[in-house]
file entry_11.pdb (PDB, C-alpha atoms)
MODEL        1
ATOM      1  CA  MET K   1      -2.832 -21.221 -20.003
ATOM      2  CA  SER K   2      -0.282 -18.774 -18.743
ATOM      3  CA  GLU K   3      -1.311 -15.427 -17.301
ATOM      4  CA  SER K   4       0.471 -12.189 -18.017
ATOM      5  CA  LYS K   5       2.072 -10.828 -14.863
ATOM      6  CA  ILE K   6       2.947  -7.452 -16.325
ATOM      7  CA  LEU K   7       0.641  -4.511 -16.837
ATOM      8  CA  ALA K   8       0.650  -2.620 -20.101
ATOM      9  CA  HIS K   9       2.484   0.717 -19.720
ATOM     10  CA  GLU K  10      -0.684   2.873 -19.716
ATOM     11  CA  GLN K  11      -2.340   0.534 -17.194
ATOM     12  CA  GLU K  12       0.722   0.585 -14.970
ATOM     13  CA  GLU K  13       0.739   4.393 -14.965
ATOM     14  CA  GLU K  14      -2.916   4.527 -13.919
ATOM     15  CA  VAL K  15      -2.348   1.936 -11.174
ATOM     16  CA  ARG K  16       0.771   3.843 -10.039
ATOM     17  CA  GLN K  17      -1.327   7.017  -9.745
ATOM     18  CA  VAL K  18      -4.014   5.173  -7.740
ATOM     19  CA  VAL K  19      -1.441   3.604  -5.395
ATOM     20  CA  THR K  20       0.421   6.889  -4.923
ATOM     21  CA  GLU K  21      -2.787   8.821  -4.130
ATOM     22  CA  ALA K  22      -3.889   6.152  -1.633
ATOM     23  CA  CYS K  23      -0.507   6.104   0.131
ATOM     24  CA  VAL K  24      -0.251   9.892   0.317
ATOM     25  CA  ASP K  25      -3.840   9.985   1.633
ATOM     26  CA  MET K  26      -3.127   7.357   4.317
ATOM     27  CA  LEU K  27       0.087   8.967   5.560
ATOM     28  CA  GLY K  28      -1.536  12.403   5.453
ATOM     29  CA  ALA K  29      -4.451  11.084   7.533
ATOM     30  CA  CYS K  30      -1.843  10.066  10.119
ATOM     31  CA  GLY K  31      -0.690  13.687  10.325
ATOM     32  CA  LEU K  32       2.522  13.331   8.335
ATOM     33  CA  PRO K  33       3.643  15.773   5.645
ATOM     34  CA  VAL K  34       4.176  13.548   2.602
ATOM     35  CA  GLY K  35       6.372  14.043  -0.440
ATOM     36  CA  LYS K  36       7.386  11.931  -3.411
ATOM     37  CA  ILE K  37      10.873  10.733  -4.238
ATOM     38  CA  ALA K  38      11.773  10.988  -7.925
ATOM     39  CA  ALA K  39      11.248   7.711  -9.798
ATOM     40  CA  GLY K  40      14.471   5.836 -10.380
ATOM     41  CA  ARG K  41      16.347   7.644  -7.608
ATOM     42  CA  LEU K  42      18.265   5.144  -5.497
ATOM     43  CA  VAL K  43      17.582   5.526  -1.804
ATOM     44  CA  ALA K  44      19.236   3.706   1.100
ATOM     45  CA  LEU K  45      16.399   2.018   2.952
ATOM     46  CA  SER K  46      18.528   0.374   5.628
ATOM     47  CA  GLU K  47      16.522   1.903   8.460
ATOM     48  CA  HIS K  48      13.318   0.086   7.502
ATOM     49  CA  ASP K  49      12.841  -2.328  10.380
ATOM     50  CA  LEU K  50       9.049  -2.889  10.237
ATOM     51  CA  ALA K  51       6.871  -3.958   7.326
ATOM     52  CA  GLY K  52       3.200  -4.708   6.926
ATOM     53  CA  PHE K  53       1.837  -6.755   4.091
ATOM     54  CA  ILE K  54      -1.555  -7.800   2.805
ATOM     55  CA  GLY K  55      -2.755  -9.711  -0.209
ATOM     56  CA  PHE K  56      -5.834  -9.445  -2.390
ATOM     57  CA  THR K  57      -7.622 -11.647  -4.887
ATOM     58  CA  GLY K  58     -10.447 -11.524  -7.401
ATOM     59  CA  ARG K  59     -10.395 -10.501 -11.056
ATOM     60  CA  VAL K  60      -6.983  -9.078 -10.171
ATOM     61  CA  ARG K  61      -4.754 -10.349  -7.414
ATOM     62  CA  GLY K  62      -1.545  -9.289  -5.784
ATOM     63  CA  SER K  63      -0.044  -7.799  -2.648
ATOM     64  CA  LEU K  64       0.907  -4.580  -0.908
ATOM     65  CA  ILE K  65       3.964  -4.185   1.303
ATOM     66  CA  MET K  66       4.561  -1.044   3.376
ATOM     67  CA  ALA K  67       7.964  -0.708   5.073
ATOM     68  CA  ALA K  68       9.398   2.048   7.244
ATOM     69  CA  SER K  69      11.238   2.657  10.494
ATOM     70  CA  SER K  70       9.813   2.030  13.942
ATOM     71  CA  ARG K  71       9.922   5.823  14.397
ATOM     72  CA  ILE K  72       7.307   6.361  11.643
ATOM     73  CA  PHE K  73       4.955   3.758  13.036
ATOM     74  CA  SER K  74       5.415   5.047  16.607
ATOM     75  CA  ALA K  75       4.724   8.619  15.474
ATOM     76  CA  THR K  76       1.516   7.589  13.692
ATOM     77  CA  PHE K  77       0.284   5.154  16.346
ATOM     78  CA  PRO K  78      -3.248   6.164  17.375
ATOM     79  CA  SER K  79      -3.182   6.990  21.069
ATOM     80  CA  MET K  80      -4.804   9.326  23.487
ATOM     81  CA  PRO K  81      -2.799  12.198  24.996
ATOM     82  CA  GLY K  82      -1.013  11.026  28.126
ATOM     83  CA  SER K  83      -1.299   7.316  27.291
ATOM     84  CA  ARG K  84       1.661   4.945  27.432
ATOM     85  CA  SER K  85       4.020   4.449  24.515
ATOM     86  CA  PRO K  86       3.098   1.578  22.212
ATOM     87  CA  THR K  87       4.712  -1.794  22.892
ATOM     88  CA  GLN K  88       6.459  -3.779  20.149
ATOM     89  CA  ASP K  89       3.288  -5.878  19.773
ATOM     90  CA  ASP K  90       1.193  -2.693  19.506
ATOM     91  CA  LEU K  91       3.491  -1.414  16.746
ATOM     92  CA  LEU K  92       3.301  -4.687  14.813
ATOM     93  CA  ASP K  93      -0.506  -4.570  15.006
ATOM     94  CA  TRP K  94      -0.443  -0.952  13.825
ATOM     95  CA  VAL K  95       1.922  -1.742  10.923
ATOM     96  CA  GLY K  96      -0.514  -4.415   9.710
ATOM     97  CA  GLU K  97      -3.435  -2.033  10.164
ATOM     98  CA  MET K  98      -1.686   0.711   8.167
ATOM     99  CA  ALA K  99      -1.147  -1.762   5.313
ATOM    100  CA  ASN K 100      -4.814  -2.766   5.608
ATOM    101  CA  GLN K 101      -6.069   0.831   5.551
ATOM    102  CA  THR K 102      -3.787   1.699   2.634
ATOM    103  CA  LEU K 103      -5.066  -1.261   0.608
ATOM    104  CA  GLY K 104      -8.609  -0.215   1.543
ATOM    105  CA  ARG K 105      -7.944   3.196   0.012
ATOM    106  CA  ILE K 106      -6.570   1.511  -3.118
ATOM    107  CA  LYS K 107      -9.636  -0.763  -3.252
ATOM    108  CA  ARG K 108     -11.997   2.221  -3.047
ATOM    109  CA  ARG K 109     -10.217   3.860  -5.986
ATOM    110  CA  PHE K 110     -10.371   0.583  -7.948
ATOM    111  CA  CYS K 111     -14.116   0.300  -7.178
ATOM    112  CA  GLU K 112     -14.613   3.834  -8.533
ATOM    113  CA  ARG K 113     -13.145   2.453 -11.771
ATOM    114  CA  GLY K 114     -15.446  -0.596 -11.760
ATOM    115  CA  LEU K 115     -13.017  -3.193 -10.376
ATOM    116  CA  ASP K 116     -13.375  -4.855  -6.963
ATOM    117  CA  PHE K 117     -11.182  -7.362  -5.132
ATOM    118  CA  ASP K 118     -11.176  -9.239  -1.822
ATOM    119  CA  THR K 119      -8.472  -8.641   0.773
ATOM    120  CA  SER K 120      -6.707 -11.065   3.070
ATOM    121  CA  THR K 121      -5.712 -10.540   6.690
ATOM    122  CA  PRO K 122      -2.786  -8.142   7.100
ATOM    123  CA  THR K 123       0.359  -9.172   8.903
ATOM    124  CA  ALA K 124       3.577  -7.500   9.963
ATOM    125  CA  VAL K 125       7.215  -8.387  10.500
ATOM    126  CA  LYS K 126      10.210  -6.868  12.231
ATOM    127  CA  GLY K 127      13.656  -7.231  10.736
ATOM    128  CA  ARG K 128      16.529  -5.386   9.127
ATOM    129  CA  HIS K 129      16.617  -3.833   5.679
ATOM    130  CA  LEU K 130      12.980  -4.703   4.942
ATOM    131  CA  GLY K 131      12.492  -2.051   2.312
ATOM    132  CA  ALA K 132      15.754  -2.435   0.408
ATOM    133  CA  ARG K 133      15.202  -3.913  -3.019
ATOM    134  CA  THR K 134      17.148  -3.360  -6.180
ATOM    135  CA  PRO K 135      16.974  -3.472  -9.033
ATOM    136  CA  THR K 136      13.372  -2.513  -9.573
ATOM    137  CA  ARG K 137      11.347  -5.165 -11.366
ATOM    138  CA  GLU K 138       9.054  -4.693 -14.317
ATOM    139  CA  GLY K 139       5.377  -4.834 -13.416
ATOM    140  CA  ILE K 140       5.988  -3.976  -9.753
ATOM    141  CA  ILE K 141       5.039  -0.534  -8.511
ATOM    142  CA  ASP K 142       7.721   0.567  -6.071
ATOM    143  CA  LEU K 143       7.254   3.910  -4.366
ATOM    144  CA  VAL K 144       9.394   5.712  -1.853
ATOM    145  CA  LEU K 145       7.675   8.593  -0.101
ATOM    146  CA  THR K 146       8.980  11.030   2.450
ATOM    147  CA  ALA K 147       6.935  11.219   5.609
ATOM    148  CA  GLY K 148       8.319  14.044   7.657
ATOM    149  CA  ASP K 149      12.065  13.344   7.880
ATOM    150  CA  GLU K 150      11.633   9.611   7.270
ATOM    151  CA  LEU K 151      11.139   7.358   4.243
ATOM    152  CA  VAL K 152       8.267   4.962   3.628
ATOM    153  CA  SER K 153       8.593   2.268   0.962
ATOM    154  CA  ILE K 154       5.596   0.811  -0.819
ATOM    155  CA  CYS K 155       5.636  -2.225  -3.079
ATOM    156  CA  PHE K 156       2.415  -2.966  -4.957
ATOM    157  CA  GLU K 157       2.339  -6.045  -7.136
ATOM    158  CA  LEU K 158      -0.680  -6.803  -9.269
ATOM    159  CA  VAL K 159      -1.460  -9.716 -11.571
ATOM    160  CA  PRO K 160      -3.759  -8.207 -14.195
ATOM    161  CA  PRO K 161      -6.739  -9.994 -15.696
ATOM    162  CA  ALA K 162      -5.865 -12.511 -18.412
ATOM    163  CA  THR K 163      -7.921 -10.619 -20.977
ATOM    164  CA  GLY K 164      -8.640  -6.969 -21.463
ATOM    165  CA  PRO K 165      -7.403  -3.893 -19.639
ATOM    166  CA  ILE K 166      -7.481  -3.697 -15.860
ATOM    167  CA  PHE K 167      -9.856  -0.737 -15.927
ATOM    168  CA  GLN K 168     -12.560  -0.748 -18.589
ATOM    169  CA  GLY K 169     -13.625   2.502 -20.304
ATOM    170  CA  ALA K 170     -17.018   3.813 -19.181
ATOM    171  CA  VAL K 171     -18.111   1.615 -16.278
ATOM    172  CA  GLU K 172     -20.377   2.052 -13.319
ATOM    173  CA  ALA K 173     -18.624   2.495  -9.987
ATOM    174  CA  ILE K 174     -18.960  -0.370  -7.523
ATOM    175  CA  PRO K 175     -20.360   0.781  -4.168
ATOM    176  CA  CYS K 176     -17.893   0.353  -1.311
ATOM    177  CA  SER K 177     -17.203   1.840   2.099
ATOM    178  CA  GLN K 178     -15.413   5.172   2.464
ATOM    179  CA  GLU K 179     -12.527   6.063   4.751
ATOM    180  CA  GLY K 180     -13.839   6.467   8.271
ATOM    181  CA  ASP K 181     -16.861   4.184   7.784
ATOM    182  CA  LEU K 182     -17.350   1.630  10.539
ATOM    183  CA  VAL K 183     -17.458  -1.823   8.956
ATOM    184  CA  LEU K 184     -18.381  -4.728  11.202
ATOM    185  CA  PHE K 185     -17.736  -8.351  10.308
TER     186      PHE K 185
ENDMDL
END
call {"tool": "encode", "arguments": {"input": "entry_11.pdb", "output": "structure tokens"}}
result
Amino acid sequence: MSESKILAHEQEEEVRQVVTEACVDMLGACGLPVGKIAAGRLVALSEHDLAGFIGFTGRVRGSLIMAASSRIFSATFPSMPGSRSPTQDDLLDWVGEMANQTLGRIKRRFCERGLDFDTSTPTAVKGRHLGARTPTREGIIDLVLTAGDELVSICFELVPPATGPIFQGAVEAIPCSQEGDLVLF
């Protein structure tokens, strides 16, 4: 049995809205003014040298990749006034954590719509041209947001359930933690 890897148009639009809201919320929580780049506008992403990625599984499965410059991740790194600048290892940890927190915000919005999933451990990489990807692919939600004077690229790929829409009509929300909740494992 083969599974459909592409969301129906109306489902993709709802997922795109959820992903966009979660990303804007995460970057805003880091103190960055966030704006959207028009869909379909080609943007040179050659300055993206760090990327965090995290997968998820359950009734739906997929991955989230967040790529940007070291400057963005340094500017958003949580530190106390007067503390030292983050090391490269600190930044890589933070990149993974930003991907994790962004996916957590997406998960909360999915749970509000009656759909839960399990997340994997985030990871991060350093390289060149990590956010550059053309042409866009069907079924992949690619976002480019402005964060201050910088660009942040988001790629959200989702394999929808084999049957039925991703979000059912009138469903009961699934309880989950909120941003800022302390969750111990």
call {"tool": "atom_distance", "arguments": {"input": "entry_11.pdb", "atom1": "CA of Gly96 (chain K)", "atom2": "CA of Thr123 (chain K)"}}
result
4.9 Å
call {"tool": "atom_distance", "arguments": {"input": "entry_11.pdb", "atom1": "CA of Thr163 (chain K)", "atom2": "CA of Cys111 (chain K)"}}
result
18.7 Å
call {"tool": "resolve_selection", "arguments": {"input": "entry_11.pdb", "expression": "the PyMOL selection byres ((chain K and resi 83-94) around 10)", "output": "ChimeraX atom specification"}}
result
/K:50-52,70-71,73-82,95-100,122-126
call {"tool": "resolve_selection", "arguments": {"input": "entry_11.pdb", "expression": "the PyMOL selection byres ((chain K and resi 153-159) around 8)", "output": "ChimeraX atom specification"}}
result
/K:4-7,19,60-68,131,139-145,151-152,160-161
call {"tool": "residues_around", "arguments": {"input": "entry_11.pdb", "residues": "Val15 (chain K)", "least_positions_apart": "5", "cutoff": "9 Å", "atoms": "all atoms listed in the file", "output": "VMD selection string"}}
result
chain K and resid 10 20 110 141 166
call {"tool": "residues_near_point", "arguments": {"input": "entry_11.pdb", "point": "(13.6, 14.1, 1.3)", "cutoff": "10 Å", "atoms": "all atoms listed in the file", "output": "list in words"}}
result
Val34, Gly35, Lys36, Ile37, Ala38, Val43, Val144, Leu145, Thr146, Ala147, Gly148, Asp149, Glu150 and Leu151 of chain K
call {"tool": "atom_distance", "arguments": {"input": "entry_11.pdb", "atom1": "CA of Gly58 (chain K)", "atom2": "CA of Asp116 (chain K)"}}
result
7.3 Å
call {"tool": "residues_around", "arguments": {"input": "entry_11.pdb", "residues": "Arg113 (chain K)", "least_positions_apart": "3", "cutoff": "9 Å", "atoms": "all atoms listed in the file", "output": "ChimeraX atom specification"}}
result
/K:108-110,116,167-174
call {"tool": "decode", "arguments": {"input": "entry_11.pdb", "residues": "region 55-152 of chain K", "atoms": "C-alpha atoms", "output": "tab-separated table (two decimals), in the first residue's frame"}}
result
chain	number	residue	atom	x	y	z
K	55	GLY	CA	11.60	14.90	12.95
K	56	PHE	CA	8.21	13.76	14.18
K	57	THR	CA	6.09	10.65	13.88
K	58	GLY	CA	2.62	9.38	14.69
K	59	ARG	CA	-0.57	9.58	12.65
K	60	VAL	CA	1.39	12.12	10.61
K	61	ARG	CA	5.14	12.19	10.27
K	62	GLY	CA	7.70	14.48	8.78
K	63	SER	CA	10.42	16.98	9.59
K	64	LEU	CA	11.17	20.63	10.26
K	65	ILE	CA	14.34	22.39	9.14
K	66	MET	CA	15.19	25.92	10.27
K	67	ALA	CA	18.16	27.62	8.57
K	68	ALA	CA	19.65	31.07	9.04
K	69	SER	CA	22.94	32.88	9.54
K	70	SER	CA	25.13	32.60	12.61
K	71	ARG	CA	24.23	36.25	13.27
K	72	ILE	CA	20.54	35.38	13.83
K	73	PHE	CA	21.32	32.55	16.20
K	74	SER	CA	23.91	34.64	18.08
K	75	ALA	CA	21.43	37.51	18.43
K	76	THR	CA	18.74	35.21	19.83
K	77	PHE	CA	21.03	33.14	22.06
K	78	PRO	CA	19.67	33.23	25.62
K	79	SER	CA	22.31	34.80	27.82
K	80	MET	CA	22.57	36.99	30.83
K	81	PRO	CA	23.79	40.58	30.47
K	82	GLY	CA	27.58	40.69	30.71
K	83	SER	CA	28.05	36.98	29.98
K	84	ARG	CA	30.51	35.70	27.39
K	85	SER	CA	29.60	35.33	23.73
K	86	PRO	CA	28.31	31.90	22.76
K	87	THR	CA	30.84	29.39	21.43
K	88	GLN	CA	30.27	27.49	18.18
K	89	ASP	CA	29.07	24.51	20.23
K	90	ASP	CA	26.68	26.78	22.17
K	91	LEU	CA	25.26	28.08	18.88
K	92	LEU	CA	24.77	24.57	17.48
K	93	ASP	CA	22.92	23.57	20.67
K	94	TRP	CA	20.78	26.71	20.39
K	95	VAL	CA	19.99	26.07	16.70
K	96	GLY	CA	18.71	22.60	17.61
K	97	GLU	CA	16.74	24.03	20.52
K	98	MET	CA	15.13	26.69	18.30
K	99	ALA	CA	14.02	23.95	15.89
K	100	ASN	CA	12.71	21.97	18.88
K	101	GLN	CA	10.78	24.92	20.31
K	102	THR	CA	9.36	25.80	16.89
K	103	LEU	CA	8.13	22.24	16.36
K	104	GLY	CA	6.68	22.34	19.88
K	105	ARG	CA	4.65	25.39	18.89
K	106	ILE	CA	3.48	23.57	15.75
K	107	LYS	CA	2.58	20.51	17.84
K	108	ARG	CA	0.50	22.61	20.23
K	109	ARG	CA	-1.46	24.05	17.30
K	110	PHE	CA	-1.95	20.55	15.86
K	111	CYS	CA	-3.17	19.32	19.28
K	112	GLU	CA	-5.71	22.17	19.34
K	113	ARG	CA	-7.02	20.64	16.10
K	114	GLY	CA	-7.15	17.12	17.56
K	115	LEU	CA	-3.91	15.73	16.09
K	116	ASP	CA	-0.84	14.79	18.15
K	117	PHE	CA	2.59	13.51	17.14
K	118	ASP	CA	5.83	12.47	18.82
K	119	THR	CA	9.06	14.38	18.24
K	120	SER	CA	12.60	13.15	17.86
K	121	THR	CA	15.78	14.70	19.23
K	122	PRO	CA	16.78	17.90	17.43
K	123	THR	CA	20.17	18.27	15.83
K	124	ALA	CA	22.08	21.02	14.08
K	125	VAL	CA	24.68	21.40	11.36
K	126	LYS	CA	27.06	24.08	10.16
K	127	GLY	CA	27.78	24.47	6.47
K	128	ARG	CA	27.36	26.71	3.47
K	129	HIS	CA	24.17	27.45	1.58
K	130	LEU	CA	22.02	25.39	3.96
K	131	GLY	CA	18.79	27.15	3.16
K	132	ALA	CA	19.11	27.38	-0.62
K	133	ARG	CA	16.64	25.11	-2.36
K	134	THR	CA	14.97	25.55	-5.69
K	135	PRO	CA	12.68	24.79	-7.23
K	136	THR	CA	10.07	24.48	-4.53
K	137	ARG	CA	8.54	21.03	-4.29
K	138	GLU	CA	4.88	20.15	-4.11
K	139	GLY	CA	3.74	19.10	-0.65
K	140	ILE	CA	6.64	20.86	1.10
K	141	ILE	CA	5.93	24.03	3.03
K	142	ASP	CA	8.85	26.38	2.44
K	143	LEU	CA	8.79	29.71	4.23
K	144	VAL	CA	11.24	32.56	4.21
K	145	LEU	CA	10.74	35.09	6.98
K	146	THR	CA	12.57	38.29	7.73
K	147	ALA	CA	13.93	38.51	11.23
K	148	GLY	CA	15.28	41.99	11.68
K	149	ASP	CA	17.62	42.52	8.71
K	150	GLU	CA	18.21	38.79	8.23
K	151	LEU	CA	16.36	35.90	6.57
K	152	VAL	CA	15.22	32.68	8.21
